[in-house]
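Source file coords.cif; content: mmCIF, C-alpha atoms.
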data_final
#
loop_
_atom_site.label_atom_id
_atom_site.label_comp_id
_atom_site.auth_asym_id
_atom_site.auth_seq_id
_atom_site.Cartn_x
_atom_site.Cartn_y
_atom_site.Cartn_z
CA MET A 30 87.99 96.76 112.98
CA GLY A 31 88.83 96.84 109.32
CA SER A 32 87.40 94.56 106.71
CA SER A 33 87.66 90.81 107.16
CA ARG A 34 89.96 90.69 104.14
CA LEU A 35 92.35 93.09 105.85
CA LYS A 36 92.24 91.17 109.11
CA LEU A 37 92.98 87.92 107.32
CA TYR A 38 95.89 89.58 105.53
CA TYR A 39 97.28 90.91 108.81
CA MET A 40 97.05 87.58 110.58
CA LEU A 41 98.57 85.54 107.77
CA THR A 42 101.41 88.03 107.44
CA PHE A 43 101.90 88.00 111.20
CA LEU A 44 102.16 84.21 111.19
CA ALA A 45 104.62 84.25 108.31
CA ILE A 46 106.83 86.66 110.26
CA VAL A 47 106.69 84.50 113.39
CA VAL A 48 107.50 81.33 111.46
CA SER A 49 110.42 82.94 109.62
CA LEU A 50 111.90 84.31 112.85
CA CYS A 51 111.58 81.00 114.65
CA GLY A 52 113.20 79.20 111.73
CA CYS A 53 116.12 81.62 111.75
CA GLY A 54 116.77 81.42 115.47
CA GLY A 55 115.39 84.86 116.26
CA GLY A 56 116.35 84.69 119.93
CA GLY A 57 120.03 85.55 119.38
CA GLY A 58 121.80 88.86 119.89
CA ALA A 59 124.64 90.13 122.02
CA GLY A 60 123.68 91.83 125.26
CA ASP A 61 126.43 94.45 125.08
CA SER A 62 125.03 95.86 121.82
CA ALA A 63 121.94 97.20 123.58
CA SER A 64 121.76 100.76 124.88
CA SER A 65 122.27 101.28 128.60
CA ASP A 66 119.44 102.55 130.79
CA SER A 67 121.18 105.90 131.19
CA ALA A 68 121.61 106.28 127.44
CA LEU A 69 117.95 105.44 126.92
CA ARG A 70 116.85 108.04 129.45
CA ALA A 71 119.07 110.65 127.82
CA ALA A 72 117.69 109.91 124.35
CA VAL A 73 114.11 110.29 125.54
CA SER A 74 114.68 113.37 127.71
CA ASN A 75 116.52 115.13 124.88
CA SER A 76 113.63 114.65 122.46
CA THR A 77 112.58 117.86 120.76
CA VAL A 78 109.21 119.49 121.35
CA ARG A 79 106.81 118.13 118.74
CA SER A 80 103.65 119.29 117.03
CA VAL A 81 102.43 115.74 116.55
CA ARG A 82 101.37 113.41 119.33
CA LEU A 83 102.07 109.74 118.61
CA HIS A 84 100.70 106.28 119.30
CA ASN A 85 101.90 102.86 118.13
CA TYR A 86 98.73 101.04 117.16
CA ASN A 87 100.34 99.83 113.93
CA ASN A 88 103.35 98.20 115.64
CA TRP A 89 102.41 94.52 115.25
CA LYS A 90 105.97 93.12 115.18
CA ILE A 91 106.96 93.97 118.76
CA GLY A 92 107.94 90.69 120.31
CA ASN A 93 108.72 88.75 117.15
CA ASP A 94 112.43 89.50 117.26
CA GLU A 95 113.69 88.69 120.74
CA SER A 96 117.14 90.20 120.22
CA PRO A 97 118.09 92.20 123.34
CA ALA A 98 119.45 94.97 121.12
CA THR A 99 116.23 95.15 119.13
CA ALA A 100 114.20 95.27 122.33
CA ALA A 101 116.36 98.13 123.61
CA ARG A 102 115.83 100.15 120.43
CA ALA A 103 112.09 99.49 120.63
CA LEU A 104 112.06 100.68 124.24
CA GLU A 105 113.86 103.90 123.35
CA THR A 106 111.58 104.59 120.39
CA LEU A 107 108.30 103.80 122.12
CA ALA A 108 109.22 105.88 125.16
CA ARG A 109 109.15 108.94 122.89
CA TYR A 110 105.52 108.28 121.96
CA ASP A 111 102.47 109.54 123.87
CA ASN A 112 100.29 106.40 123.80
CA VAL A 113 101.70 102.90 123.62
CA LYS A 114 99.87 99.60 123.32
CA LEU A 115 101.78 96.48 124.34
CA SER A 116 100.87 92.85 123.98
CA GLU A 117 101.75 90.51 126.82
CA LYS A 118 104.59 89.10 124.73
CA SER A 119 106.27 92.50 124.66
CA ASP A 120 106.52 92.43 128.44
CA ILE A 121 108.90 89.46 128.48
CA LEU A 122 111.48 90.87 126.05
CA ARG A 123 114.84 91.37 127.74
CA ILE A 124 116.81 94.58 127.32
CA GLY A 125 120.54 93.98 126.97
CA SER A 126 122.06 91.49 129.39
CA GLY A 127 120.15 92.74 132.44
CA SER A 128 116.74 92.08 133.92
CA THR A 129 114.93 95.05 132.35
CA THR A 130 112.11 94.13 130.00
CA LEU A 131 110.04 95.96 127.42
CA ASN A 132 107.15 96.39 129.83
CA PRO A 133 105.00 99.34 131.03
CA GLN A 134 107.22 100.01 134.03
CA ALA A 135 110.35 100.27 131.87
CA LEU A 136 108.64 102.66 129.46
CA LYS A 137 107.30 104.88 132.22
CA ALA A 138 110.70 105.01 133.88
CA LEU A 139 111.89 106.74 130.72
CA ASN A 140 108.76 108.82 130.14
CA PRO A 141 106.43 109.24 133.13
CA LYS A 142 103.88 111.12 130.99
CA LEU A 143 103.40 108.14 128.70
CA ARG A 144 100.11 106.23 128.73
CA VAL A 145 100.54 102.49 128.32
CA TYR A 146 97.74 100.15 127.27
CA ARG A 147 97.42 96.38 127.15
CA TYR A 148 96.25 95.02 123.79
CA TYR A 149 93.57 92.30 123.97
CA ILE A 150 91.15 90.84 121.44
CA LEU A 151 87.54 90.38 122.49
CA MET A 152 85.95 87.42 120.76
CA CYS A 153 88.56 85.17 119.20
CA LYS A 154 91.44 82.98 120.34
CA PRO A 155 94.64 83.02 118.23
CA SER A 156 97.08 80.16 117.85
CA TRP A 157 100.05 82.42 118.67
CA ASP A 158 99.02 82.63 122.33
CA SER A 159 101.59 80.67 124.32
CA ASP A 160 99.00 78.31 125.81
CA TRP A 161 97.53 77.19 122.46
CA ASN A 162 99.51 73.95 122.28
CA ASN A 163 100.74 73.87 125.87
CA PRO A 164 98.18 74.64 128.61
CA SER A 165 100.94 75.10 131.18
CA ASP A 166 102.61 77.88 129.16
CA THR A 167 100.79 80.97 130.44
CA ARG A 168 103.44 83.56 129.53
CA TYR A 169 101.55 85.65 126.95
CA ARG A 170 98.11 85.88 125.42
CA GLN A 171 96.22 88.25 123.16
CA CYS A 172 93.00 86.67 124.39
CA PRO A 173 93.22 86.68 128.19
CA LEU A 174 91.34 83.36 128.44
CA SER A 175 93.22 80.10 127.99
CA LYS A 176 92.35 77.70 125.20
CA ASP A 177 91.95 74.94 127.79
CA GLN A 178 89.36 76.96 129.75
CA ILE A 179 87.51 77.87 126.56
CA SER A 180 87.35 74.24 125.43
CA LYS A 181 86.29 72.88 128.82
CA ASN A 182 83.37 75.33 128.91
CA ASP A 183 82.67 75.05 125.16
CA TRP A 184 82.88 78.80 124.72
CA TRP A 185 83.59 78.41 120.99
CA LEU A 186 81.18 80.09 118.58
CA ARG A 187 79.45 77.36 116.55
CA ASP A 188 77.47 77.43 113.34
CA ALA A 189 74.26 75.61 112.39
CA ASN A 190 76.20 72.35 111.93
CA GLY A 191 77.80 72.66 115.35
CA ASP A 192 81.23 73.41 113.86
CA ILE A 193 83.54 75.97 115.46
CA VAL A 194 83.53 79.21 113.46
CA LYS A 195 87.09 80.00 112.36
CA GLU A 196 88.32 83.12 110.62
CA THR A 197 91.43 81.09 109.79
CA ASP A 198 92.87 77.84 111.11
CA ASP A 199 94.84 80.02 113.51
CA GLN A 200 92.02 82.23 114.77
CA TRP A 201 88.86 80.70 116.24
CA LEU A 202 85.82 82.74 117.23
CA LEU A 203 84.30 82.79 120.72
CA ASP A 204 80.69 82.80 121.86
CA VAL A 205 80.62 85.73 124.25
CA GLY A 206 77.01 84.96 125.21
CA LYS A 207 77.69 81.54 126.71
CA PRO A 208 77.11 81.20 130.48
CA GLY A 209 80.12 82.30 132.49
CA PHE A 210 82.06 83.74 129.54
CA LYS A 211 81.81 87.45 130.24
CA GLU A 212 82.62 86.95 133.93
CA ALA A 213 85.68 84.84 133.11
CA TYR A 214 86.88 87.29 130.46
CA LEU A 215 86.76 90.24 132.84
CA GLN A 216 88.39 88.29 135.64
CA ALA A 217 91.26 87.13 133.43
CA THR A 218 91.74 90.63 132.01
CA LEU A 219 92.05 92.22 135.44
CA GLU A 220 94.11 89.45 137.02
CA ARG A 221 96.66 89.30 134.20
CA SER A 222 97.02 93.10 134.20
CA ALA A 223 97.23 93.78 137.93
CA GLY A 224 100.39 95.57 139.07
CA LYS A 225 101.67 96.15 135.53
CA GLY A 226 101.44 99.94 135.62
CA LEU A 227 98.89 100.02 132.81
CA ASP A 228 96.66 103.02 132.13
CA GLY A 229 94.11 101.05 130.18
CA PHE A 230 93.32 98.61 127.40
CA VAL A 231 93.12 98.68 123.64
CA PHE A 232 90.40 96.18 122.79
CA ASP A 233 90.21 94.81 119.27
CA TYR A 234 87.81 92.54 117.41
CA TRP A 235 84.47 94.24 118.01
CA ARG A 236 81.77 92.26 116.17
CA PRO A 237 78.23 93.60 116.66
CA TYR A 238 77.48 92.19 113.19
CA LEU A 239 78.32 88.55 112.46
CA ASP A 240 76.19 86.94 109.76
CA GLU A 241 77.95 88.22 106.64
CA PHE A 242 81.37 87.95 108.26
CA VAL A 243 81.06 84.32 109.36
CA GLN A 244 79.54 83.27 106.02
CA GLU A 245 82.63 84.65 104.27
CA HIS A 246 84.63 82.16 106.33
CA GLY A 247 82.53 79.09 105.64
CA ALA A 248 80.11 79.10 108.57
CA VAL A 249 76.56 77.85 108.01
CA LEU A 250 73.78 80.08 109.38
CA PRO A 251 72.08 80.40 111.72
CA LEU A 252 74.69 80.40 114.45
CA THR A 253 74.03 78.03 117.30
CA GLY A 254 71.90 79.87 119.87
CA TYR A 255 71.35 82.93 117.67
CA PRO A 256 68.63 82.49 115.03
CA THR A 257 68.99 86.10 113.88
CA SER A 258 71.58 88.86 113.82
CA SER A 259 69.52 90.74 116.40
CA ASP A 260 69.65 87.73 118.72
CA TRP A 261 73.45 87.87 118.64
CA LEU A 262 73.43 91.60 119.36
CA GLU A 263 70.91 91.55 122.20
CA LYS A 264 71.61 88.18 123.84
CA ALA A 265 75.37 88.02 123.49
CA TRP A 266 77.22 91.10 122.30
CA LYS A 267 75.58 93.88 124.31
CA PRO A 268 75.58 92.00 127.64
CA PHE A 269 79.23 91.02 127.13
CA VAL A 270 80.39 94.53 126.18
CA ASN A 271 78.41 96.15 128.99
CA TYR A 272 79.77 93.79 131.62
CA VAL A 273 83.42 93.80 130.54
CA MET A 274 83.76 97.50 129.75
CA ASP A 275 81.93 98.58 132.90
CA GLY A 276 84.12 96.26 134.95
CA VAL A 277 87.32 97.54 133.37
CA ARG A 278 86.27 101.14 133.94
CA SER A 279 85.31 100.42 137.55
CA ALA A 280 88.83 99.10 138.08
CA GLY A 281 90.20 102.51 137.04
CA TYR A 282 91.35 101.76 133.50
CA ARG A 283 90.78 103.69 130.28
CA ILE A 284 89.42 101.94 127.16
CA ILE A 285 90.41 102.45 123.53
CA GLY A 286 88.42 100.52 120.92
CA ASN A 287 89.77 99.69 117.50
CA CYS A 288 87.23 100.77 114.87
CA VAL A 289 84.19 100.83 117.13
CA GLY A 290 82.77 103.43 114.77
CA GLU A 291 83.85 106.80 113.35
CA TYR A 292 82.06 109.92 114.52
CA GLY A 293 79.20 110.94 112.25
CA ASN A 294 79.38 107.73 110.20
CA SER A 295 78.34 105.13 112.76
CA SER A 296 75.42 102.74 112.87
CA ALA A 297 73.24 102.31 115.96
CA ARG A 298 75.24 99.21 116.90
CA GLN A 299 78.50 101.12 116.62
CA GLU A 300 77.10 104.03 118.59
CA PHE A 301 76.40 101.59 121.41
CA GLN A 302 80.02 100.48 121.29
CA ARG A 303 81.28 104.07 121.20
CA SER A 304 79.33 104.77 124.38
CA LYS A 305 81.47 102.18 126.20
CA VAL A 306 84.95 103.49 125.33
CA ASP A 307 87.11 106.53 126.03
CA GLY A 308 88.73 106.54 122.62
CA VAL A 309 88.68 104.96 119.19
CA VAL A 310 91.27 103.91 116.62
CA TYR A 311 90.58 105.19 113.11
CA GLU A 312 92.37 102.36 111.33
CA GLN A 313 92.29 104.04 107.91
CA GLY A 314 93.72 107.43 107.01
CA ALA A 315 94.82 108.94 103.70
CA VAL A 316 95.06 105.74 101.61
CA ASP A 317 93.16 102.53 101.00
CA TRP A 318 93.84 99.18 102.68
CA THR A 319 97.04 97.39 101.71
CA VAL A 320 95.10 94.44 100.29
CA ASN A 321 93.51 96.93 97.87
CA GLY A 322 96.87 98.38 96.88
CA SER A 323 97.09 101.33 99.31
CA GLY A 324 95.77 103.60 96.59
CA TRP A 325 94.28 107.07 96.81
CA LEU A 326 90.69 107.34 98.02
CA PRO A 327 87.85 109.53 96.72
CA GLY A 328 88.17 113.11 97.97
CA SER A 329 84.69 112.88 99.50
CA VAL A 330 85.90 110.07 101.77
CA ILE A 331 88.85 112.16 102.93
CA GLU A 332 86.59 115.15 103.60
CA LYS A 333 84.28 113.04 105.79
CA ARG A 334 87.24 111.53 107.61
CA ILE A 335 88.76 114.94 108.32
CA LYS A 336 85.43 116.08 109.73
CA SER A 337 85.15 112.97 111.91
CA VAL A 338 88.65 113.32 113.35
CA SER A 339 88.06 117.01 114.02
CA GLU A 340 84.67 116.70 115.72
CA ASP A 341 84.80 113.32 117.46
CA PRO A 342 84.17 113.90 121.21
CA LEU A 343 86.15 110.75 121.99
CA GLU A 344 89.92 110.40 121.97
CA VAL A 345 91.12 109.52 118.47
CA TRP A 346 94.15 107.45 117.46
CA PHE A 347 94.62 108.27 113.75
CA ALA A 348 96.20 105.08 112.39
CA ASP A 349 96.99 104.90 108.68
CA GLY A 350 97.03 101.10 108.49
CA GLY A 351 97.30 100.93 104.70
CA LEU A 352 100.45 103.07 104.59
CA ARG A 353 103.22 100.48 104.40
CA ASN A 354 106.82 101.29 103.49
CA PHE A 355 106.76 99.09 100.37
CA VAL A 356 103.75 100.72 98.69
CA GLU A 357 104.02 102.83 95.56
CA ASP A 358 104.83 106.51 96.26
CA TYR A 359 105.32 105.82 99.96
CA ASP A 360 107.13 109.11 100.71
CA GLN A 361 104.42 111.14 99.01
CA LYS A 362 101.63 109.23 100.76
CA GLN A 363 103.14 109.44 104.24
CA ASN A 364 103.54 113.19 103.81
CA VAL A 365 99.88 113.51 102.75
CA SER A 366 98.85 111.33 105.68
CA LEU A 367 100.58 113.51 108.25
CA ALA A 368 99.29 116.68 106.60
CA MET A 369 95.76 115.26 106.69
CA TYR A 370 96.17 114.66 110.43
CA TYR A 371 97.37 118.25 110.96
CA ILE A 372 94.42 119.55 108.95
CA ALA A 373 91.94 117.40 110.89
CA ILE A 374 92.85 117.73 114.56
CA PRO A 375 90.87 120.14 116.76
CA ALA A 376 92.51 123.25 118.21
CA SER A 377 92.89 121.45 121.52
CA TYR A 378 94.50 118.22 120.37
CA ALA A 379 95.65 116.58 123.60
CA ASN A 380 93.33 113.65 122.89
CA ARG A 381 94.55 113.10 119.32
CA SER A 382 97.57 111.08 118.20
CA TYR A 383 99.04 109.83 114.93
CA HIS A 384 100.83 106.83 113.44
CA HIS A 385 101.14 104.93 110.18
CA ALA A 386 102.04 101.31 109.61
CA ASN A 387 105.44 101.63 107.88
CA ASP A 388 107.07 98.20 108.57
CA TRP A 389 104.89 97.25 111.57
CA SER A 390 107.76 97.65 114.03
CA PRO A 391 108.67 100.57 116.34
CA TYR A 392 110.23 103.33 114.24
CA TRP A 393 110.84 107.06 114.19
CA HIS A 394 110.12 109.35 111.25
CA PRO A 395 112.14 112.59 110.83
CA MET A 396 108.99 114.59 110.02
CA TRP A 397 107.75 114.03 113.56
CA ASP A 398 110.57 116.28 114.83
CA PHE A 399 109.75 119.07 112.37
CA TYR A 400 108.14 121.67 114.63
CA ILE A 401 105.27 123.83 113.30
CA GLY A 402 103.74 124.82 116.62
CA ASP A 403 100.08 124.37 117.54
CA PRO A 404 96.92 124.95 115.47
CA ALA A 405 96.41 128.72 115.21
CA GLU A 406 93.27 128.73 113.07
CA PRO A 407 90.66 126.22 111.89
CA ALA A 408 91.44 124.49 108.61
CA SER A 409 90.23 126.31 105.49
CA LYS A 410 88.86 124.29 102.57
CA LEU A 411 89.04 125.77 99.09
CA THR A 412 85.64 126.17 97.45
CA ASP A 413 84.55 123.12 95.43
CA GLN A 414 87.96 121.51 95.79
CA TYR A 415 89.40 118.79 97.98
CA ALA A 416 92.18 121.08 99.11
CA TRP A 417 92.86 122.56 102.54
CA SER A 418 95.23 124.97 104.28
CA ARG A 419 95.77 125.55 107.97
CA LYS A 420 97.91 128.00 109.87
CA TYR A 421 99.92 126.84 112.88
CA THR A 422 101.65 129.07 115.40
CA ASN A 423 105.00 128.26 113.82
CA GLY A 424 104.01 127.01 110.40
CA LEU A 425 101.53 126.19 107.69
CA VAL A 426 100.00 122.96 106.33
CA LEU A 427 98.79 122.66 102.74
CA LEU A 428 96.96 119.62 101.35
CA ASN A 429 95.77 119.01 97.80
CA TYR A 430 93.75 115.79 97.63
CA GLU A 431 92.34 116.54 94.17
CA ALA A 432 92.58 113.51 91.89
CA SER A 433 93.86 115.29 88.78
CA LYS A 434 94.02 119.05 89.39
CA SER A 435 96.90 121.17 90.71
CA VAL A 436 96.03 123.79 93.30
CA THR A 437 97.80 127.11 93.98
CA PHE A 438 98.04 128.55 97.49
CA THR A 439 99.06 132.10 98.44
CA LEU A 440 101.60 132.40 101.25
CA ASP A 441 101.52 135.23 103.80
CA GLN A 442 105.23 135.06 104.64
CA VAL A 443 108.40 133.07 104.06
CA TYR A 444 108.33 129.40 105.03
CA HIS A 445 110.69 126.44 104.76
CA ASP A 446 110.21 122.69 104.62
CA VAL A 447 111.99 119.97 106.61
CA ASN A 448 114.90 120.04 104.13
CA GLY A 449 115.38 123.81 104.40
CA LYS A 450 113.85 124.70 101.03
CA GLN A 451 112.22 128.15 101.11
CA TYR A 452 108.71 129.01 99.91
CA THR A 453 107.27 132.49 99.41
CA ASP A 454 104.48 134.29 97.53
CA THR A 455 102.63 131.32 96.00
CA VAL A 456 103.06 127.56 95.81
CA THR A 457 101.34 125.13 93.47
CA LEU A 458 100.72 121.59 94.64
CA PRO A 459 100.14 118.76 92.16
CA PRO A 460 97.30 116.29 92.82
CA HIS A 461 97.61 114.14 95.97
CA THR A 462 100.46 116.11 97.51
CA ALA A 463 101.01 118.15 100.65
CA LEU A 464 103.44 120.58 102.20
CA ILE A 465 104.21 120.90 105.90
CA LEU A 466 106.09 124.16 106.42
CA ALA A 467 107.69 126.05 109.28
CA VAL A 468 107.92 129.83 109.56
CA GLY A 469 111.10 131.57 108.44
CA ALA A 470 113.83 131.37 105.85
#

Please render this file's structure as structure tokens.
Amino acid sequence: MGSSRLKLYYMLTFLAIVVSLCGCGGGGGAGDSASSDSALRAAVSNSTVRSVRLHNYNNWKIGNDESPATAARALETLARYDNVKLSEKSDILRIGSGSTTLNPQALKALNPKLRVYRYYILMCKPSWDSDWNNPSDTRYRQCPLSKDQISKNDWWLRDANGDIVKETDDQWLLDVGKPGFKEAYLQATLERSAGKGLDGFVFDYWRPYLDEFVQEHGAVLPLTGYPTSSDWLEKAWKPFVNYVMDGVRSAGYRIIGNCVGEYGNSSARQEFQRSKVDGVVYEQGAVDWTVNGSGWLPGSVIEKRIKSVSEDPLEVWFADGGLRNFVEDYDQKQNVSLAMYYIAIPASYANRSYHHANDWSPYWHPMWDFYIGDPAEPASKLTDQYAWSRKYTNGLVLLNYEASKSVTFTLDQVYHDVNGKQYTDTVTLPPHTALILAVGA
């Protein structure tokens, strides 16, 4: 996962969105304004061939607006992706005036090649689960366990004073090492997902380290039952992760872990986590976290990240979480982000996919339809500069991540950008810019 500051920002923003929608009567919307099933199928089947594979890890607002028309647009958009994560709440959204919902079956009816994953969090219980205030309301959860079951078994994580450890008032931490917890978590995960047509799970909230994190949120150390950080790792975290991930895999599901550790930059604890998953979400890309202003990062960080994305033996979901549509120079930054992805992916990129946060809802960006073919050569880095070029079978990608220096590239033929502008001979890129070009005038 990202930093605790980022997670807190996400959750508070998420709650603000939910509250504002509830206050405005977000459940309205005319059924006849939604697209028909046939129109949806046509839109998906007529999608152009793309050079970029897509996921939707950054879509946190699915399910907040229960308008049938909005749900229909989300269904059409997500069906054009390659990997889709859905919360349980997404499954109950109605499409138009009929009985179709925004669930895995509806998505796969439009795109049978799509992989659909359930999104669950591992060691916290959020207040936006439907059972938080009403134990009989079991419609949707991000933590598969009910609050009532957690409380009855006292599966809350407690500090030295015996107080429940809370990241916020709306997100309480769980003690995954308590007797019966890991068994109940796996059972609930499999039971609530049976028959849904899911390919796997995206699990979030991996916490092999706890001491510094819980202290930031007011907990008094040591944690109850765990005198040291190593006690938490060995007595709670590892047994829980081993049991749940092995059980999920045995049931035939794939596992994607959010920020379980980036290749080549992982600690021993993260390497343990990486050994239990099929893929990982790289939650940062070309810019800093939103809470830090979504600014440019040091070139050395970008170079390491490119290397990690290129060489990681696991599946990688490149997710530029700090790239929101309201940030300064958004158009420039999203272009650099996509170019960085094109520079980074291996020649065989079937297990790589891209997305950036934008407005946190399902969306489509025109650049994703701009076809440049497949990687034709490895990326080439200019000597002593944070600048790269890479040839594709139908195009060329140029990236200058220098902080203050322009870089000139020599072109081998005529190219054009997404707007039809032609480039030939040489092109000079200012600092922190990129060009994604297709062959031909």

Min atom-atom distance to Glu220 in chain A from the set A:Ala467, A:Ala280, A:Val289, A:Val316, counting all atoms listed in the file, belongs to A:Ala280

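Here, the PyMOL selection byres ((chain A and resi 383) around 8) matches Val81, Arg82, Leu83, His84, Trp346, Phe347, Ala348, Leu367, Tyr370, Arg381, Ser382, His384 and His385 of chain A.
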
Those selected residues, please, written with C-alpha atoms and delivered as a PDB file, in the frame of the given file.
ATOM      1  CA  VAL A  81     102.430 115.740 116.550  1.00  0.00           C
ATOM      2  CA  ARG A  82     101.370 113.410 119.330  1.00  0.00           C
ATOM      3  CA  LEU A  83     102.070 109.740 118.610  1.00  0.00           C
ATOM      4  CA  HIS A  84     100.700 106.280 119.300  1.00  0.00           C
ATOM      5  CA  TRP A 346      94.150 107.450 117.460  1.00  0.00           C
ATOM      6  CA  PHE A 347      94.620 108.270 113.750  1.00  0.00           C
ATOM      7  CA  ALA A 348      96.200 105.080 112.390  1.00  0.00           C
ATOM      8  CA  LEU A 367     100.580 113.510 108.250  1.00  0.00           C
ATOM      9  CA  TYR A 370      96.170 114.660 110.430  1.00  0.00           C
ATOM     10  CA  ARG A 381      94.550 113.100 119.320  1.00  0.00           C
ATOM     11  CA  SER A 382      97.570 111.080 118.200  1.00  0.00           C
ATOM     12  CA  HIS A 384     100.830 106.830 113.440  1.00  0.00           C
ATOM     13  CA  HIS A 385     101.140 104.930 110.180  1.00  0.00           C
TER      14      HIS A 385
END

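If you measure from each of A:Gly125, A:Lys333, A:Glu196, A:Gly469 to Ala98 in chain A using all atoms listed in the file, the closest one turns out to be A:Gly125.
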
Determine, counting all atoms listed in the file, which protein, DNA and RNA residues have an atom within 10 Å of an atom of Gln363 in chain A; residues of the same chain fewer than 4 positions away are not included. Present the result as a PyMOL selection string.
-> chain A and resi 315-316+349+352-354+358-359+367-369+384-387+394+396+462-463

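Minimum atom-to-atom distances from A:Gly281, A:Tyr238, A:Val243, A:Tyr392 to Ser296 in chain A were compared using all atoms listed in the file, and the lowest value belongs to A:Tyr238.
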
Residue neighbourhood Arg123 in chain A, 9 Å, only C-alpha atoms, exclusion window fewer than 2 positions, as a list in words = Glu95, Ser96, Pro97, Ala98, Ala100, Ala101, Asp120, Ile121, Gly125, Ser126, Gly127, Ser128, Thr129, Thr130 and Leu131 of chain A

As a check of understanding: the span from CA of Cys172 in chain A to CA of Ser259 in chain A is 25.1 Å

The PyMOL selection byres ((chain A and resi 161) around 12) - which residues does that actually catch in the file I just gave you? List them as a PDB file with C-alpha atoms, in the frame of the given file.
ATOM      1  CA  LYS A 154      91.440  82.980 120.340  1.00  0.00           C
ATOM      2  CA  PRO A 155      94.640  83.020 118.230  1.00  0.00           C
ATOM      3  CA  SER A 156      97.080  80.160 117.850  1.00  0.00           C
ATOM      4  CA  TRP A 157     100.050  82.420 118.670  1.00  0.00           C
ATOM      5  CA  ASP A 158      99.020  82.630 122.330  1.00  0.00           C
ATOM      6  CA  SER A 159     101.590  80.670 124.320  1.00  0.00           C
ATOM      7  CA  ASP A 160      99.000  78.310 125.810  1.00  0.00           C
ATOM      8  CA  ASN A 162      99.510  73.950 122.280  1.00  0.00           C
ATOM      9  CA  ASN A 163     100.740  73.870 125.870  1.00  0.00           C
ATOM     10  CA  PRO A 164      98.180  74.640 128.610  1.00  0.00           C
ATOM     11  CA  SER A 165     100.940  75.100 131.180  1.00  0.00           C
ATOM     12  CA  ASP A 166     102.610  77.880 129.160  1.00  0.00           C
ATOM     13  CA  THR A 167     100.790  80.970 130.440  1.00  0.00           C
ATOM     14  CA  ARG A 168     103.440  83.560 129.530  1.00  0.00           C
ATOM     15  CA  TYR A 169     101.550  85.650 126.950  1.00  0.00           C
ATOM     16  CA  ARG A 170      98.110  85.880 125.420  1.00  0.00           C
ATOM     17  CA  GLN A 171      96.220  88.250 123.160  1.00  0.00           C
ATOM     18  CA  CYS A 172      93.000  86.670 124.390  1.00  0.00           C
ATOM     19  CA  PRO A 173      93.220  86.680 128.190  1.00  0.00           C
ATOM     20  CA  LEU A 174      91.340  83.360 128.440  1.00  0.00           C
ATOM     21  CA  SER A 175      93.220  80.100 127.990  1.00  0.00           C
ATOM     22  CA  LYS A 176      92.350  77.700 125.200  1.00  0.00           C
ATOM     23  CA  ASP A 177      91.950  74.940 127.790  1.00  0.00           C
ATOM     24  CA  GLN A 178      89.360  76.960 129.750  1.00  0.00           C
ATOM     25  CA  ILE A 179      87.510  77.870 126.560  1.00  0.00           C
ATOM     26  CA  SER A 180      87.350  74.240 125.430  1.00  0.00           C
ATOM     27  CA  ASP A 199      94.840  80.020 113.510  1.00  0.00           C
ATOM     28  CA  GLN A 200      92.020  82.230 114.770  1.00  0.00           C
ATOM     29  CA  TRP A 201      88.860  80.700 116.240  1.00  0.00           C
TER      30      TRP A 201
END

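Using the PyMOL selection byres ((chain A and resi 213) around 10) on the file at hand returns these residues: Pro173, Leu174, Gln178, Ile179, Pro208, Gly209, Phe210, Lys211, Glu212, Tyr214, Leu215, Gln216, Ala217, Thr218 and Val273 of chain A.
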
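Of note, CA of Ile284 in chain A and CA of Gln134 in chain A are spaced 19.2 Å apart.
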
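The gap separating CA of Lys305 in chain A from CA of Pro256 in chain A is 26.0 Å, in Å to one decimal.
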
Centre, edges in Å (one decimal): axis-aligned box, range 107-125 of chain A, 8 Å padding on all six sides, as lines of an AutoDock Vina configuration file:
center_x = 110.2
center_y = 99.3
center_z = 125.2
size_x = 36.7
size_y = 36.4
size_z = 22.5
